[in-house]
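**Q** Enclosed is the structure file start-v4.cif (mmCIF, C-alpha atoms and all ligand atoms).
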```cif
data_protein
#
loop_
_atom_site.label_atom_id
_atom_site.label_comp_id
_atom_site.auth_asym_id
_atom_site.auth_seq_id
_atom_site.Cartn_x
_atom_site.Cartn_y
_atom_site.Cartn_z
CA MET A 31 -36.64 4.89 4.47
CA ASN A 32 -38.91 3.93 1.62
CA THR A 33 -41.29 1.69 3.50
CA GLY A 34 -44.22 3.62 2.07
CA LYS A 35 -43.17 2.81 -1.46
CA ARG A 36 -42.46 -0.81 -0.62
CA LEU A 37 -45.82 -1.21 1.02
CA LEU A 38 -47.52 0.25 -2.02
CA ILE A 39 -45.75 -2.17 -4.36
CA PHE A 40 -46.75 -4.94 -2.05
CA VAL A 41 -50.43 -4.00 -1.92
CA VAL A 42 -50.74 -3.30 -5.64
CA MET A 43 -49.20 -6.64 -6.48
CA ALA A 44 -51.26 -8.52 -3.96
CA VAL A 45 -54.46 -7.11 -5.44
CA SER A 46 -53.50 -7.85 -9.03
CA THR A 47 -52.37 -11.29 -7.96
CA LEU A 48 -55.69 -12.14 -6.38
CA PHE A 49 -57.46 -11.11 -9.54
CA ASN A 50 -55.09 -12.96 -11.84
CA ALA A 51 -54.72 -15.97 -9.65
CA ARG A 52 -58.43 -16.70 -9.71
CA GLN A 53 -58.34 -16.55 -13.46
CA ALA A 54 -55.18 -18.55 -13.96
CA GLN A 55 -55.27 -21.15 -11.27
CA GLY A 56 -58.83 -21.05 -10.04
CA GLN A 57 -59.98 -23.86 -12.26
CA ALA A 58 -57.04 -26.02 -11.26
CA GLY A 59 -58.00 -25.59 -7.62
CA ILE A 60 -54.83 -23.66 -6.69
CA GLU A 61 -54.98 -20.07 -5.56
CA LEU A 62 -52.20 -17.73 -4.50
CA GLU A 63 -52.83 -14.94 -2.06
CA ASN A 64 -50.76 -12.12 -0.62
CA VAL A 65 -48.08 -12.55 -3.24
CA GLY A 66 -45.40 -9.94 -2.79
CA ALA A 67 -41.75 -9.12 -2.61
CA SER A 68 -39.75 -6.65 -0.57
CA TYR A 69 -36.05 -6.06 -0.49
CA ARG A 70 -33.14 -4.49 1.30
CA PHE A 71 -30.84 -3.25 -1.44
CA GLY A 72 -27.52 -5.06 -1.48
CA GLU A 73 -28.77 -7.63 1.03
CA GLN A 74 -31.77 -9.67 0.03
CA ILE A 75 -35.15 -9.87 -1.64
CA THR A 76 -37.89 -11.66 0.29
CA PHE A 77 -40.64 -13.29 -1.75
CA ILE A 78 -43.83 -14.30 0.05
CA ALA A 79 -47.12 -15.88 -0.93
CA THR A 80 -49.87 -17.94 0.60
CA ILE A 81 -51.15 -20.94 -1.25
CA LYS A 82 -54.73 -22.23 -1.03
CA SER A 83 -55.27 -25.47 -2.82
CA SER A 84 -58.17 -27.88 -3.07
CA ILE A 85 -56.03 -30.47 -4.82
CA PRO A 86 -52.95 -32.24 -3.46
CA ILE A 87 -49.62 -30.70 -4.41
CA GLN A 88 -46.37 -32.62 -4.24
CA ASN A 89 -44.08 -29.64 -4.00
CA VAL A 90 -43.80 -25.96 -4.81
CA SER A 91 -40.84 -24.10 -6.31
CA ILE A 92 -40.12 -20.47 -6.99
CA ILE A 93 -38.53 -19.45 -10.30
CA ILE A 94 -36.65 -16.15 -10.24
CA SER A 95 -35.04 -14.45 -13.23
CA ASP A 96 -33.84 -11.00 -14.18
CA GLU A 97 -34.67 -8.95 -17.25
CA SER A 98 -31.58 -9.85 -19.22
CA GLN A 99 -31.97 -13.53 -18.27
CA SER A 100 -28.43 -13.52 -16.90
CA ILE A 101 -29.71 -15.33 -13.83
CA THR A 102 -32.45 -17.87 -13.44
CA ARG A 103 -32.93 -19.57 -10.09
CA VAL A 104 -35.31 -22.39 -9.28
CA GLU A 105 -35.65 -23.04 -5.55
CA PRO A 106 -37.89 -25.49 -3.66
CA LEU A 107 -40.15 -23.88 -1.07
CA ASN A 108 -41.37 -25.02 2.33
CA VAL A 109 -45.12 -24.60 2.61
CA GLN A 110 -46.23 -23.93 6.19
CA ALA A 111 -49.39 -25.46 7.68
CA ASP A 112 -51.37 -22.29 6.94
CA GLY A 113 -50.14 -22.22 3.31
CA ARG A 114 -47.57 -19.45 3.75
CA MET A 115 -44.32 -19.68 1.77
CA GLU A 116 -41.28 -17.45 1.93
CA PHE A 117 -38.02 -17.36 0.02
CA ARG A 118 -35.05 -15.12 0.70
CA PHE A 119 -32.86 -14.35 -2.27
CA ASP A 120 -29.37 -13.28 -1.26
CA THR A 121 -28.21 -10.20 -3.19
CA ARG A 122 -25.07 -9.42 -1.18
CA GLN A 123 -22.79 -10.50 -4.03
CA ASN A 124 -24.69 -8.09 -6.30
CA VAL A 125 -25.59 -10.81 -8.76
CA LEU A 126 -28.55 -8.63 -9.66
CA ARG A 127 -27.95 -5.47 -11.64
CA PRO A 128 -29.33 -2.42 -9.87
CA PHE A 129 -32.61 -1.12 -11.30
CA THR A 130 -33.28 -4.38 -13.08
CA THR A 131 -36.79 -5.77 -13.02
CA VAL A 132 -36.96 -9.15 -11.32
CA LYS A 133 -39.56 -11.61 -12.50
CA TRP A 134 -40.78 -14.55 -10.47
CA ASN A 135 -43.44 -17.18 -10.55
CA TYR A 136 -44.40 -20.34 -8.71
CA GLN A 137 -44.36 -23.86 -10.01
CA PHE A 138 -46.52 -26.63 -8.56
CA ALA A 139 -45.73 -30.31 -9.03
CA LEU A 140 -48.83 -32.49 -8.89
CA PRO A 141 -48.96 -36.15 -7.81
CA ASP A 142 -49.63 -37.29 -11.40
CA GLY A 143 -46.24 -35.89 -12.46
CA SER A 144 -47.62 -32.82 -14.21
CA THR A 145 -46.69 -29.28 -13.26
CA LEU A 146 -48.63 -26.03 -13.16
CA GLN A 147 -47.09 -22.59 -13.23
CA SER A 148 -48.49 -19.40 -11.81
CA GLU A 149 -48.49 -16.20 -13.81
CA SER A 150 -45.45 -13.96 -13.47
CA PHE A 151 -44.90 -11.24 -10.90
CA PHE A 152 -42.44 -8.39 -11.10
CA ILE A 153 -40.49 -6.11 -8.80
CA ARG A 154 -37.92 -3.49 -9.73
CA TYR A 155 -34.72 -3.87 -7.76
CA ALA A 156 -33.95 -0.17 -7.49
CA ASP A 157 -31.17 1.29 -5.37
CA ASP A 158 -33.42 2.78 -2.68
CA ARG A 159 -30.65 3.65 -0.24
CA PHE A 160 -30.99 7.30 -1.25
CA ASN A 161 -33.71 9.88 -1.48
CA TRP A 162 -33.65 10.32 -5.23
CA GLN A 163 -34.83 13.54 -6.81
CA THR A 164 -35.96 13.36 -10.39
CA LEU A 165 -36.12 15.56 -13.47
CA GLU A 166 -37.25 14.35 -16.84
CA SER A 167 -37.59 15.39 -20.44
CA GLY A 168 -39.30 13.05 -22.87
CA THR A 169 -37.89 9.56 -22.40
CA LEU A 170 -34.86 10.90 -20.48
CA ARG A 171 -34.77 11.01 -16.73
CA VAL A 172 -32.04 12.12 -14.35
CA ASN A 173 -32.02 11.06 -10.70
CA TRP A 174 -29.77 12.50 -8.02
CA TYR A 175 -29.73 12.72 -4.23
CA HIS A 176 -27.04 15.31 -3.57
CA GLY A 177 -27.47 18.87 -4.82
CA ASP A 178 -30.40 21.18 -5.56
CA SER A 179 -32.70 21.43 -8.57
CA GLY A 180 -30.01 23.47 -10.35
CA PHE A 181 -27.74 20.43 -10.18
CA GLY A 182 -30.48 18.28 -11.69
CA GLN A 183 -30.98 20.78 -14.49
CA ALA A 184 -27.21 20.85 -15.17
CA ALA A 185 -27.29 17.05 -15.37
CA LEU A 186 -30.19 17.10 -17.81
CA ASP A 187 -28.31 19.71 -19.88
CA ALA A 188 -25.29 17.37 -19.93
CA VAL A 189 -27.58 14.61 -21.20
CA GLN A 190 -28.73 16.89 -24.02
CA SER A 191 -25.23 17.99 -24.99
CA GLY A 192 -24.08 14.35 -24.83
CA LEU A 193 -26.87 13.34 -27.19
CA GLY A 194 -25.87 16.22 -29.48
CA SER A 195 -22.32 14.91 -29.49
CA ILE A 196 -23.47 11.33 -30.17
CA SER A 197 -25.80 12.46 -32.98
CA ARG A 198 -22.76 13.66 -34.91
CA LEU A 199 -21.64 10.02 -35.02
CA MET A 200 -24.90 8.16 -35.36
CA THR A 201 -28.69 8.39 -35.32
CA LEU A 202 -30.14 8.59 -31.83
CA ASP A 203 -32.66 6.07 -30.61
CA LEU A 204 -34.75 7.54 -27.81
CA THR A 205 -37.78 5.31 -28.21
CA GLN A 206 -37.05 3.50 -24.94
CA PRO A 207 -36.44 5.40 -21.69
CA ILE A 208 -32.96 6.22 -20.45
CA GLU A 209 -32.49 6.73 -16.75
CA ILE A 210 -29.39 8.36 -15.31
CA PHE A 211 -28.57 7.89 -11.63
CA ILE A 212 -26.00 10.29 -10.24
CA TYR A 213 -24.04 9.17 -7.19
CA ALA A 214 -22.26 11.74 -5.07
CA ASN A 215 -19.17 9.63 -4.44
CA ALA A 216 -17.41 6.51 -5.66
CA GLU A 217 -18.18 4.67 -2.41
CA ASP A 218 -21.93 4.92 -2.96
CA LEU A 219 -21.64 3.68 -6.55
CA ARG A 220 -19.37 0.83 -5.53
CA GLY A 221 -22.18 -0.45 -3.31
CA THR A 222 -24.09 -1.29 -6.48
CA LEU A 223 -21.36 -3.04 -8.44
CA VAL A 224 -20.33 -6.65 -8.45
CA ILE A 225 -17.89 -7.32 -5.63
CA GLY A 226 -14.40 -7.61 -7.05
CA GLY A 227 -15.31 -5.22 -9.87
CA GLU A 228 -13.20 -2.32 -10.98
CA ASP A 229 -12.31 0.03 -8.15
CA TRP A 230 -11.65 2.84 -10.56
CA ALA A 231 -15.09 2.90 -12.11
CA ALA A 232 -16.58 6.39 -12.09
CA GLY A 233 -19.49 5.38 -14.20
CA HIS A 234 -21.35 2.35 -15.34
CA ALA A 235 -23.97 1.73 -17.98
CA ASN A 236 -26.35 -1.15 -18.26
CA PRO A 237 -27.16 -0.52 -21.91
CA ALA A 238 -29.81 -3.22 -22.23
CA LEU A 239 -31.79 -1.66 -19.37
CA GLY A 240 -31.15 1.92 -20.52
CA VAL A 241 -29.71 2.60 -17.07
CA VAL A 242 -26.67 4.78 -16.49
CA MET A 243 -24.96 5.27 -13.14
CA VAL A 244 -22.27 7.89 -12.71
CA VAL A 245 -20.29 9.47 -9.92
CA ILE A 246 -20.37 13.25 -9.96
CA GLU A 247 -18.66 14.65 -6.92
CA PRO A 248 -20.18 18.04 -6.04
CA GLY A 249 -17.75 20.94 -6.27
CA ALA A 250 -15.94 23.23 -8.64
CA GLU A 251 -15.35 20.47 -11.18
CA GLN A 252 -18.90 19.16 -11.24
CA SER A 253 -19.92 20.70 -14.55
CA ILE A 254 -16.85 19.26 -16.26
CA THR A 255 -17.40 15.78 -14.87
CA LEU A 256 -21.09 15.96 -15.79
CA GLU A 257 -20.21 16.71 -19.41
CA GLN A 258 -17.54 14.04 -19.42
CA ARG A 259 -19.17 11.07 -17.75
CA ILE A 260 -22.81 11.41 -18.80
CA PRO A 261 -22.13 11.59 -22.58
CA HIS A 262 -19.67 8.69 -22.20
CA GLU A 263 -22.22 6.38 -20.59
CA LEU A 264 -25.00 7.50 -22.94
CA MET A 265 -22.83 6.43 -25.87
CA HIS A 266 -22.69 2.91 -24.45
CA VAL A 267 -26.50 2.86 -24.36
CA MET A 268 -26.91 4.30 -27.88
CA LEU A 269 -24.40 1.92 -29.42
CA TYR A 270 -26.13 -0.99 -27.72
CA ARG A 271 -29.45 0.15 -29.14
CA ARG A 272 -27.96 0.30 -32.60
CA LEU A 273 -26.22 -3.09 -32.44
CA GLY A 274 -28.48 -5.11 -30.15
CA ALA A 275 -27.23 -8.07 -28.18
CA GLY A 276 -24.11 -8.37 -30.42
CA TYR A 277 -22.84 -5.24 -28.62
CA LYS A 278 -21.23 -7.52 -26.03
CA ASN A 279 -18.92 -8.87 -28.78
CA LEU A 280 -17.31 -5.48 -29.34
CA PRO A 281 -13.66 -5.26 -28.36
CA ALA A 282 -13.23 -3.28 -25.14
CA TRP A 283 -11.04 -0.74 -26.96
CA LEU A 284 -13.90 0.00 -29.38
CA ARG A 285 -16.64 0.14 -26.73
CA GLU A 286 -14.64 2.50 -24.56
CA GLY A 287 -12.99 4.34 -27.43
CA THR A 288 -16.31 5.38 -28.97
CA ALA A 289 -17.62 6.33 -25.52
CA THR A 290 -14.64 8.60 -24.79
CA LEU A 291 -15.01 10.12 -28.26
CA VAL A 292 -18.29 11.84 -27.30
CA GLU A 293 -17.09 13.25 -23.98
CA ILE A 294 -17.60 17.02 -24.17
CA TYR A 295 -14.66 17.61 -21.81
CA PRO A 296 -12.36 14.63 -22.23
CA ASN A 297 -9.94 14.05 -19.40
CA ALA A 298 -7.00 16.37 -19.98
CA ASP A 299 -4.62 13.70 -18.70
CA TYR A 300 -5.35 11.29 -21.57
CA ASP A 301 -2.90 12.98 -23.92
CA ARG A 302 -0.15 13.32 -21.32
CA VAL A 303 -0.39 9.70 -20.18
CA LEU A 304 -0.44 8.51 -23.78
CA ALA A 305 2.61 10.57 -24.75
CA ASP A 306 4.51 9.38 -21.66
CA ALA A 307 3.71 5.76 -22.42
CA ALA A 308 4.64 6.10 -26.08
CA ALA A 309 7.93 7.73 -25.13
CA GLY A 310 8.92 5.52 -22.24
CA ARG A 311 6.92 3.03 -20.23
CA GLY A 312 5.33 1.43 -23.24
CA LEU A 313 1.86 1.21 -24.67
CA ILE A 314 -0.47 -1.70 -24.04
CA PRO A 315 -0.84 -3.64 -27.32
CA LEU A 316 -4.40 -3.25 -28.63
CA LYS A 317 -4.80 -7.02 -28.82
CA ASP A 318 -4.56 -7.03 -25.02
CA LEU A 319 -7.51 -4.62 -24.85
CA CYS A 320 -9.92 -6.76 -26.82
CA VAL A 321 -11.63 -8.58 -23.97
CA SER A 322 -11.34 -6.19 -21.07
CA PHE A 323 -9.28 -3.42 -19.54
CA PRO A 324 -6.58 -3.96 -16.91
CA ALA A 325 -7.73 -4.08 -13.30
CA ASP A 326 -4.92 -1.75 -12.21
CA ALA A 327 -6.17 1.85 -12.14
CA GLY A 328 -3.09 3.36 -13.84
CA GLN A 329 -3.03 0.80 -16.62
CA ALA A 330 -6.79 1.13 -17.04
CA PHE A 331 -6.39 4.88 -17.50
CA LEU A 332 -3.76 4.27 -20.16
CA ALA A 333 -6.15 1.80 -21.80
CA TYR A 334 -8.80 4.52 -22.02
CA ALA A 335 -6.28 7.02 -23.39
CA GLU A 336 -5.10 4.56 -26.05
CA SER A 337 -8.61 3.51 -27.01
CA ARG A 338 -9.70 7.10 -27.35
CA SER A 339 -6.70 7.99 -29.50
CA PHE A 340 -6.98 4.90 -31.68
CA VAL A 341 -10.74 5.25 -32.25
CA THR A 342 -10.27 8.96 -33.03
CA TYR A 343 -7.68 7.90 -35.60
CA LEU A 344 -10.16 5.38 -37.10
CA HIS A 345 -12.85 8.07 -37.16
CA ASP A 346 -10.54 10.59 -38.84
CA THR A 347 -9.48 7.97 -41.40
CA TYR A 348 -12.72 6.13 -42.16
CA GLY A 349 -15.42 8.50 -40.91
CA SER A 350 -18.47 7.78 -38.76
CA ALA A 351 -19.83 5.34 -41.33
CA GLY A 352 -16.60 3.33 -41.28
CA LEU A 353 -16.56 3.26 -37.49
CA LEU A 354 -20.17 2.08 -37.33
CA ASN A 355 -19.54 -0.58 -39.97
CA LEU A 356 -16.65 -1.80 -37.89
CA ALA A 357 -18.84 -1.95 -34.79
CA ALA A 358 -21.52 -3.86 -36.73
CA SER A 359 -18.91 -6.32 -37.97
CA TYR A 360 -17.65 -7.02 -34.46
CA ALA A 361 -21.24 -7.33 -33.25
CA ASP A 362 -21.62 -10.13 -35.82
CA GLY A 363 -18.94 -12.01 -33.90
CA VAL A 364 -15.83 -11.40 -36.01
CA ASP A 365 -12.73 -11.75 -33.87
CA CYS A 366 -10.72 -8.76 -32.68
CA GLU A 367 -7.84 -8.98 -35.16
CA ARG A 368 -10.04 -9.76 -38.18
CA GLY A 369 -12.76 -7.12 -37.70
CA THR A 370 -10.67 -4.28 -39.11
CA GLU A 371 -9.47 -6.51 -41.92
CA ARG A 372 -13.00 -7.34 -42.97
CA VAL A 373 -14.16 -3.72 -42.95
CA PHE A 374 -11.04 -1.71 -43.82
CA GLY A 375 -8.88 -4.40 -45.41
CA VAL A 376 -6.17 -3.86 -42.78
CA SER A 377 -5.44 -6.16 -39.84
CA LEU A 378 -5.68 -4.73 -36.33
CA SER A 379 -1.94 -5.01 -35.77
CA ASN A 380 -1.19 -3.17 -39.01
CA LEU A 381 -3.70 -0.46 -38.19
CA GLU A 382 -2.11 -0.18 -34.76
CA THR A 383 1.27 0.35 -36.38
CA LYS A 384 -0.15 3.06 -38.64
CA TRP A 385 -1.82 4.76 -35.69
CA ARG A 386 1.35 4.64 -33.58
CA SER A 387 3.30 6.10 -36.42
CA SER A 388 0.94 8.86 -37.52
CA VAL A 389 -0.49 9.91 -34.15
CA LEU A 390 2.26 9.04 -31.69
CA GLY A 391 5.20 9.43 -34.05
CA GLN A 392 6.55 5.99 -33.21
CA ASN A 393 9.07 4.27 -35.42
CA THR A 394 7.24 1.70 -37.49
CA PHE A 395 10.19 0.28 -39.39
CA LEU A 396 10.62 -2.95 -37.45
CA PRO A 397 6.96 -3.99 -37.31
CA ALA A 398 6.62 -3.16 -41.02
CA LEU A 399 9.33 -5.69 -41.76
CA GLN A 400 6.94 -8.46 -40.77
CA ASN A 401 5.00 -7.88 -43.95
CA ILE A 402 7.93 -8.12 -46.31
CA SER A 403 8.86 -11.46 -47.83
CA PRO A 404 11.21 -13.64 -45.80
CA TYR A 405 14.14 -13.04 -48.20
CA PHE A 406 13.88 -9.35 -47.72
CA VAL A 407 13.63 -9.81 -44.00
CA LEU A 408 16.80 -11.88 -44.06
CA LEU A 409 18.59 -9.34 -46.20
CA CYS A 410 17.44 -6.46 -44.02
CA LEU A 411 18.46 -8.26 -40.83
CA VAL A 412 21.93 -8.87 -42.20
CA LEU A 413 22.18 -5.21 -43.02
CA ILE A 414 20.67 -3.74 -39.88
CA ILE A 415 21.98 -6.00 -37.10
CA PRO A 416 25.17 -3.94 -36.81
CA LEU A 417 23.02 -0.81 -36.90
CA ILE A 418 20.78 -2.08 -34.07
CA GLY A 419 23.88 -2.63 -31.99
CA ILE A 420 24.95 0.95 -32.47
CA VAL A 421 21.47 2.34 -31.84
CA SER A 422 20.96 0.38 -28.64
CA THR A 423 24.34 1.49 -27.32
CA LEU A 424 23.35 5.06 -28.02
CA ARG A 425 19.91 4.49 -26.40
CA LYS A 426 21.44 3.06 -23.25
CA LYS A 427 23.53 6.17 -22.92
CA GLY A 428 20.46 8.27 -23.64
CA SER A 429 18.26 6.62 -21.07
CA GLN A 430 20.91 6.83 -18.41
CA ASN A 431 21.09 10.55 -19.01
CA GLY A 432 17.34 10.96 -19.11
CA SER A 433 16.39 8.68 -16.22
CA GLU A 434 15.75 11.50 -13.77
CA THR A 435 12.83 12.66 -15.88
CA TYR A 436 10.87 9.55 -14.87
CA VAL A 437 11.50 9.70 -11.12
CA GLY A 438 8.32 10.11 -9.13
CA ARG A 439 5.87 8.82 -11.74
ZN ZN B 1 -17.24 3.24 -20.59
#
```
I'd like the structure from this file rewritten - as structure tokens, please.
Ligand SMILES: [Zn+2]
**A**
Amino acid sequence: MNTGKRLLIFVVMAVSTLFNARQAQGQAGIELENVGASYRFGEQITFIATIKSSIPIQNVSIIISDESQSITRVEPLNVQADGRMEFRFDTRQNVLRPFTTVKWNYQFALPDGSTLQSESFFIRYADDRFNWQTLESGTLRVNWYHGDSGFGQAALDAVQSGLGSISRLMTLDLTQPIEIFIYANAEDLRGTLVIGGEDWAAGHANPALGVVMVVIEPGAEQSITLEQRIPHELMHVMLYRRLGAGYKNLPAWLREGTATLVEIYPNADYDRVLADAAAGRGLIPLKDLCVSFPADAGQAFLAYAESRSFVTYLHDTYGSAGLLNLAASYADGVDCERGTERVFGVSLSNLETKWRSSVLGQNTFLPALQNISPYFVLLCLVLIIPLIGIVSTLRKKGSQNGSETYVGR
């Protein structure tokens, strides 16, 4: 489909390689020719080069790494009689992030034990399975393959309104480009994600690369999903830019909570699911949402709803500055429970109790007991054990009467 583009990359790189190679390796007696890479997205990248050497070489390796240095591979190469070398890098497990720039170079081991390294070459591992259309404004670019130019404009508008929403929380950083890739269905997006990843993902950001991928299914709801998912993913990118590499230390509830906070049209089901869970099936404790969200779609949705509600509560209580201080503290590596204590003077579990009580109207009496001195606890237990008995008897009766309400959920 995009052979033209691939060929161009190939030729451009081969030319620049010839030029550079003579400079870099010419004196050492090693020259590389026809250096290039081509790929089939989701399958493999093929690296080729021809080596011309006037000195003996013991062996040649290829060193491959991605932009974020999350992978580095060193592989020995077979050099054919005519000097050609080829290496096929398997990308079927999606170890490479889509749209990442892959860097490679060659390493030559000489008989005297020394090594020489070629200069670096680059190829962008873009998802080229689709015929992307593009619209840009400044450093922002939207790419889509389904829908007309009006759809692209609506997407760019959603980017702008998302940035407006984010700017009410924090200063924007648009110095580096942001690229948004809009997939027309979840199946197409899933083709780009790590196998075994979340099935429910409707969007994904690679904040370090400034790359956002979202599913916007065309139809009546498209403008709502545009203004929900694009601002959400942009927030991930902006927060990363503010915090740097420490962003990965943020608890999942904070990463996702701040992202849902800027959705122009938040999912209307968040509130319903949250109220249902608070009233019956039970909330997921925030400490269980520090590292990641549940794999199960229903539980993951509840995790989003909780994170959104809790972060909104933090924002209402401590303001944008408080929320950003908290994020900065977590980025420093403070653990999940202690972060809130360091910034707000309240442990995560205590804040959770306050949030449950003030936002969800949950009874906070029992958890609050944990903070009272042991004597008081003992005294209270002696007093309330008979009461608990009565209450639970009443509750059992209540839930038997109300059980029909929950059928079919
Ligand atoms: Zn997210």
**Q** Quick one: everything within 10 Å of stretch 134-148 of chain A, counting only C-alpha atoms, minus sequence neighbours fewer than 4 positions away in the same chain. Send it as an MDAnalysis selection string.
**A** chainID A and resid 47 50:51 54:55 58 60:62 65 67 77 79 85:96 102:107 152:153
**Q** Selected residues, C-alpha atoms, written as an mmCIF file, in the frame of the given file, please.
**A**
```
data_model
loop_
_atom_site.group_PDB
_atom_site.id
_atom_site.type_symbol
_atom_site.label_atom_id
_atom_site.label_comp_id
_atom_site.auth_asym_id
_atom_site.auth_seq_id
_atom_site.Cartn_x
_atom_site.Cartn_y
_atom_site.Cartn_z
ATOM 1 C CA THR A 47 -52.370 -11.290 -7.960
ATOM 2 C CA ASN A 50 -55.090 -12.960 -11.840
ATOM 3 C CA ALA A 51 -54.720 -15.970 -9.650
ATOM 4 C CA ALA A 54 -55.180 -18.550 -13.960
ATOM 5 C CA GLN A 55 -55.270 -21.150 -11.270
ATOM 6 C CA ALA A 58 -57.040 -26.020 -11.260
ATOM 7 C CA ILE A 60 -54.830 -23.660 -6.690
ATOM 8 C CA GLU A 61 -54.980 -20.070 -5.560
ATOM 9 C CA LEU A 62 -52.200 -17.730 -4.500
ATOM 10 C CA VAL A 65 -48.080 -12.550 -3.240
ATOM 11 C CA ALA A 67 -41.750 -9.120 -2.610
ATOM 12 C CA PHE A 77 -40.640 -13.290 -1.750
ATOM 13 C CA ALA A 79 -47.120 -15.880 -0.930
ATOM 14 C CA ILE A 85 -56.030 -30.470 -4.820
ATOM 15 C CA PRO A 86 -52.950 -32.240 -3.460
ATOM 16 C CA ILE A 87 -49.620 -30.700 -4.410
ATOM 17 C CA GLN A 88 -46.370 -32.620 -4.240
ATOM 18 C CA ASN A 89 -44.080 -29.640 -4.000
ATOM 19 C CA VAL A 90 -43.800 -25.960 -4.810
ATOM 20 C CA SER A 91 -40.840 -24.100 -6.310
ATOM 21 C CA ILE A 92 -40.120 -20.470 -6.990
ATOM 22 C CA ILE A 93 -38.530 -19.450 -10.300
ATOM 23 C CA ILE A 94 -36.650 -16.150 -10.240
ATOM 24 C CA SER A 95 -35.040 -14.450 -13.230
ATOM 25 C CA ASP A 96 -33.840 -11.000 -14.180
ATOM 26 C CA THR A 102 -32.450 -17.870 -13.440
ATOM 27 C CA ARG A 103 -32.930 -19.570 -10.090
ATOM 28 C CA VAL A 104 -35.310 -22.390 -9.280
ATOM 29 C CA GLU A 105 -35.650 -23.040 -5.550
ATOM 30 C CA PRO A 106 -37.890 -25.490 -3.660
ATOM 31 C CA LEU A 107 -40.150 -23.880 -1.070
ATOM 32 C CA PHE A 152 -42.440 -8.390 -11.100
ATOM 33 C CA ILE A 153 -40.490 -6.110 -8.800
#
```
**Q** Show which residues sit within 6 Å of A:Thr131, as a ChimeraX atom specification. Count only C-alpha atoms, and ignore same-chain residues fewer than 3 positions away.
**A** /A:97,153-155
**Q** Could I get the residue neighbourhood of ligand ZN 1 (chain B) at 12 Å, counting only C-alpha atoms and all ligand atoms, as a ChimeraX atom specification?
**A** /A:228,230-237,242-244,258-267,269,282-293,322-323,330-331,333-335,337-338
**Q** Identify which of the residues A:Glu257, A:Glu209, A:Asp203, A:Asp158 lies closest to A:Ala188, counting only C-alpha atoms when measuring atom-to-atom distances.
**A** A:Glu257
**Q** Ranking A:Ser388, A:Ser379, A:Gly180, A:Ala238 by minimum distance to A:Pro207 and counting all atoms listed in the file, which one comes first?
**A**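 With all atoms listed in the file as the atom set, the closest residue is A:Ala238.
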**Q** So the first atom is atom CA of A:Ala351 and the second is atom CA of A:Arg198; what is the distance between them in Å, to one decimal place?
**A**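 It comes out at 10.9 Å.
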**Q** Name all residues at most 12 Å from stretch 362-375 of chain A (count only C-alpha atoms; drop same-chain ones fewer than 3 positions away) and give them as JSON, numbers by chain.
**A** {"A": [273, 274, 275, 276, 277, 278, 279, 280, 281, 282, 283, 284, 315, 316, 317, 318, 319, 320, 321, 322, 341, 344, 345, 347, 348, 349, 351, 352, 353, 354, 355, 356, 357, 358, 359, 378, 379, 380, 381, 382]}
**Q** Expressed in Å to a single decimal, how great is the separation between atom CA of A:Asn173 and atom CA of A:Ala327?
**A**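 Atom CA of A:Ala327 lies at a distance of 27.5 Å from atom CA of A:Asn173.
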**Q** Mind pulling up the distance from atom CA of A:Gly113 to atom CA of A:Thr80?
**A**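 Result for atom CA of A:Thr80 versus atom CA of A:Gly113: 5.1 Å, one decimal.
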**Q** Could stretch 260-268 of chain A be completed with N, CA and C atoms and written as a compact mmCIF listing (two decimals), in the coordinates of the input, please?
**A**
```txt
# COMPACT_ATOMS: atom_id res chain seq x y z
N ILE A 260 -21.46 11.72 -18.31
CA ILE A 260 -22.81 11.41 -18.80
C ILE A 260 -22.80 11.11 -20.30
N PRO A 261 -22.18 11.96 -21.15
CA PRO A 261 -22.13 11.59 -22.58
C PRO A 261 -21.45 10.24 -22.81
N HIS A 262 -20.40 9.96 -22.07
CA HIS A 262 -19.67 8.69 -22.20
C HIS A 262 -20.62 7.50 -22.00
N GLU A 263 -21.34 7.51 -20.89
CA GLU A 263 -22.22 6.38 -20.59
C GLU A 263 -23.41 6.32 -21.55
N LEU A 264 -23.89 7.49 -21.98
CA LEU A 264 -25.00 7.50 -22.94
C LEU A 264 -24.58 6.84 -24.26
N MET A 265 -23.31 7.04 -24.63
CA MET A 265 -22.83 6.43 -25.87
C MET A 265 -22.91 4.91 -25.78
N HIS A 266 -22.57 4.36 -24.62
CA HIS A 266 -22.69 2.91 -24.45
C HIS A 266 -24.14 2.46 -24.73
N VAL A 267 -25.09 3.23 -24.19
CA VAL A 267 -26.50 2.86 -24.36
C VAL A 267 -26.91 2.97 -25.84
N MET A 268 -26.51 4.08 -26.49
CA MET A 268 -26.91 4.30 -27.88
C MET A 268 -26.30 3.25 -28.82
```
